[in-house]
Amino acid sequence: MNITIKDKNFETLIEYCMIEKRTRLLGIEINVDYENRTPVFLGVLNGSFMFMADLLKEINVNCETTFVKLASYHGDVKSSGSITEELSISMNLKNRDVIIVEDIIDSGKTLDYLLKKVKALEPASVKIASLLLKPDALTVDFGEIDYVGFEIGNEFVVGYGLDYDGLGRNLKDIYRLCDR
Ligand code: 5GP
Ligand code: MG
């Protein structure tokens, strides 16, 4: 399906039924990995709110949730590279098993910034769950990302929490910017 948001056209890239299936599998993996532990899911606002909600419904180990709000895109279709912290980490993460929940890893600069912040709080462990990953856009080497929903090309996407200039977060499917 094709949609228009403001001045740009987008086409379907990942339908919600695929997101659901993939999220269920990620949940199973996390449940196994964290058996008998009580992880803290640290959601990165705004983009991760839908993924966080769906992923957490698949989790059946005891867990806690908290959020941090970071912004690196400022109404554009490419990252500005400068990160602003709009809501800081409020939970004590010392000796906790932390799972960072991201919507998308693009250049990796946001995650790099956040990982440093989290590690400074002396958690017992830190893992990363990201719905989307753009391997060709990565500029930071994280090794293998623990839980990845889908790898996508170097393209701009909206929907399922992700926005274009504030719009489109409510869309159930994920769309990519058409280059035509
Ligand atoms: P990075 O710091 O890895 O370059 O970018 C991470 C953040 O930029 C993501 O958490 C997300 O908020 C935003 N971002 C990266 N790629 C996209 C994209 O294709 N679409 C949208 N809407 N946001 C993106
Ligand atoms: Mg994000």
# chains A, B, ... in the order shown; residues from 1 in each chain; ligands from 1

$ residues_around --residues "stretch 156-159 of chain A" --least-positions-apart "6" --cutoff "7 Å" --atoms "only C-alpha atoms" --output "PyMOL selection string"
chain A and resi 77+168-177

$ residues_around --residues "A:Leu26" --least-positions-apart "6" --cutoff "8 Å" --atoms "only C-alpha atoms" --output "ChimeraX atom specification"
/A:55,147-149

$ write_last_selection --atoms "all heavy atoms" --output "CSV table (one decimal), in the first residue's frame"
chain,number,residue,atom,x,y,z
A,55,LEU,N,6.3,-6.4,22.6
A,55,LEU,CA,7.3,-7.3,23.1
A,55,LEU,C,7.0,-7.8,24.6
A,55,LEU,O,7.1,-8.9,24.9
A,55,LEU,CB,8.7,-6.7,23.0
A,55,LEU,CG,9.9,-7.5,23.5
A,55,LEU,CD1,10.1,-8.8,22.6
A,55,LEU,CD2,11.2,-6.7,23.5
A,147,TYR,N,19.1,-9.1,20.2
A,147,TYR,CA,17.8,-9.4,19.7
A,147,TYR,C,17.4,-8.4,18.6
A,147,TYR,O,17.2,-7.2,18.9
A,147,TYR,CB,16.8,-9.4,20.8
A,147,TYR,CG,17.2,-10.2,22.0
A,147,TYR,CD1,17.7,-9.6,23.2
A,147,TYR,CD2,17.1,-11.6,22.0
A,147,TYR,CE1,18.1,-10.3,24.3
A,147,TYR,CE2,17.5,-12.3,23.1
A,147,TYR,CZ,18.0,-11.7,24.3
A,147,TYR,OH,18.4,-12.4,25.4
A,148,VAL,N,17.3,-8.9,17.4
A,148,VAL,CA,17.0,-8.0,16.3
A,148,VAL,C,15.7,-8.5,15.6
A,148,VAL,O,15.6,-9.7,15.2
A,148,VAL,CB,18.1,-7.9,15.2
A,148,VAL,CG1,17.7,-7.0,14.0
A,148,VAL,CG2,19.3,-7.2,15.9
A,149,GLY,N,14.7,-7.6,15.4
A,149,GLY,CA,13.5,-8.1,14.7
A,149,GLY,C,13.8,-8.3,13.2
A,149,GLY,O,13.7,-9.4,12.7

$ residues_near_ligand --ligand "ligand 2" --cutoff "7 Å" --atoms "only C-alpha atoms and all ligand atoms" --output "short mmCIF file (atom, residue, chain, number, x, y, z; two decimals) with N, CA, C and O atoms, in the first residue's frame"
data_model
loop_
_atom_site.label_atom_id
_atom_site.label_comp_id
_atom_site.auth_asym_id
_atom_site.auth_seq_id
_atom_site.Cartn_x
_atom_site.Cartn_y
_atom_site.Cartn_z
N VAL A 44 13.41 3.06 24.77
CA VAL A 44 13.91 4.35 24.30
C VAL A 44 12.77 5.09 23.59
O VAL A 44 12.38 4.71 22.48
N LEU A 45 12.26 6.10 24.25
CA LEU A 45 11.16 6.90 23.68
C LEU A 45 11.71 7.89 22.65
O LEU A 45 12.85 8.27 22.75
N ASN A 46 10.92 8.33 21.68
CA ASN A 46 9.53 7.94 21.53
C ASN A 46 9.34 6.66 20.72
O ASN A 46 8.38 5.91 20.94
N GLY A 47 10.25 6.43 19.80
CA GLY A 47 10.02 5.44 18.75
C GLY A 47 9.69 4.02 19.18
O GLY A 47 9.01 3.30 18.48
N SER A 48 10.18 3.61 20.37
CA SER A 48 10.06 2.19 20.73
C SER A 48 8.76 1.85 21.44
O SER A 48 8.57 0.70 21.83
N GLU A 102 14.97 -0.73 21.62
CA GLU A 102 15.03 0.32 20.60
C GLU A 102 14.08 0.01 19.45
O GLU A 102 13.80 -1.16 19.16
N ASP A 103 13.62 1.05 18.78
CA ASP A 103 12.83 0.87 17.57
C ASP A 103 13.76 0.50 16.41
O ASP A 103 13.50 -0.42 15.66
N ILE A 104 14.85 1.24 16.29
CA ILE A 104 15.71 1.07 15.11
C ILE A 104 17.14 1.50 15.44
O ILE A 104 17.34 2.46 16.18
#

$ select_by_dssp --residues "stretch 67-138 of chain A" --states "strand (DSSP E)" --output "list in words"
Phe67, Val68, Lys69, Leu70, Ala71, Thr84, Glu85, Glu86, Leu87, Asp97, Val98, Ile99, Ile100, Val101, Glu102, Asp103, Ile104, Ile105, Ser125, Val126, Lys127, Ile128, Ala129, Ser130, Leu131, Leu132 and Leu133 of chain A

$ closest_residue --among "A:Ile105, A:Ser130, A:Val140, A:Lys117" --to "A:Asn154" --atoms "only C-alpha atoms"
A:Ile105

$ closest_residue --among "A:Tyr113, A:Phe142, A:Phe67, A:Phe41" --to "A:Ser82" --atoms "only C-alpha atoms"
A:Tyr113

$ atom_distance --atom1 "atom CA of A:Ala137" --atom2 "atom CA of A:Ile152"
9.9 Å

$ closest_residue --among "A:Glu151, A:Asp146, A:Asp136, A:Asp97" --to "A:Pro123" --atoms "only C-alpha atoms"
A:Asp97

$ closest_residue --among "A:Val61, A:Met18, A:Ala53, A:Val68" --to "A:Glu35" --atoms "only C-alpha atoms"
A:Val61

$ closest_residue --among "A:Ile100, A:Ile145, A:Met91, A:Ile14" --to "A:Leu121" --atoms "only C-alpha atoms"
A:Met91
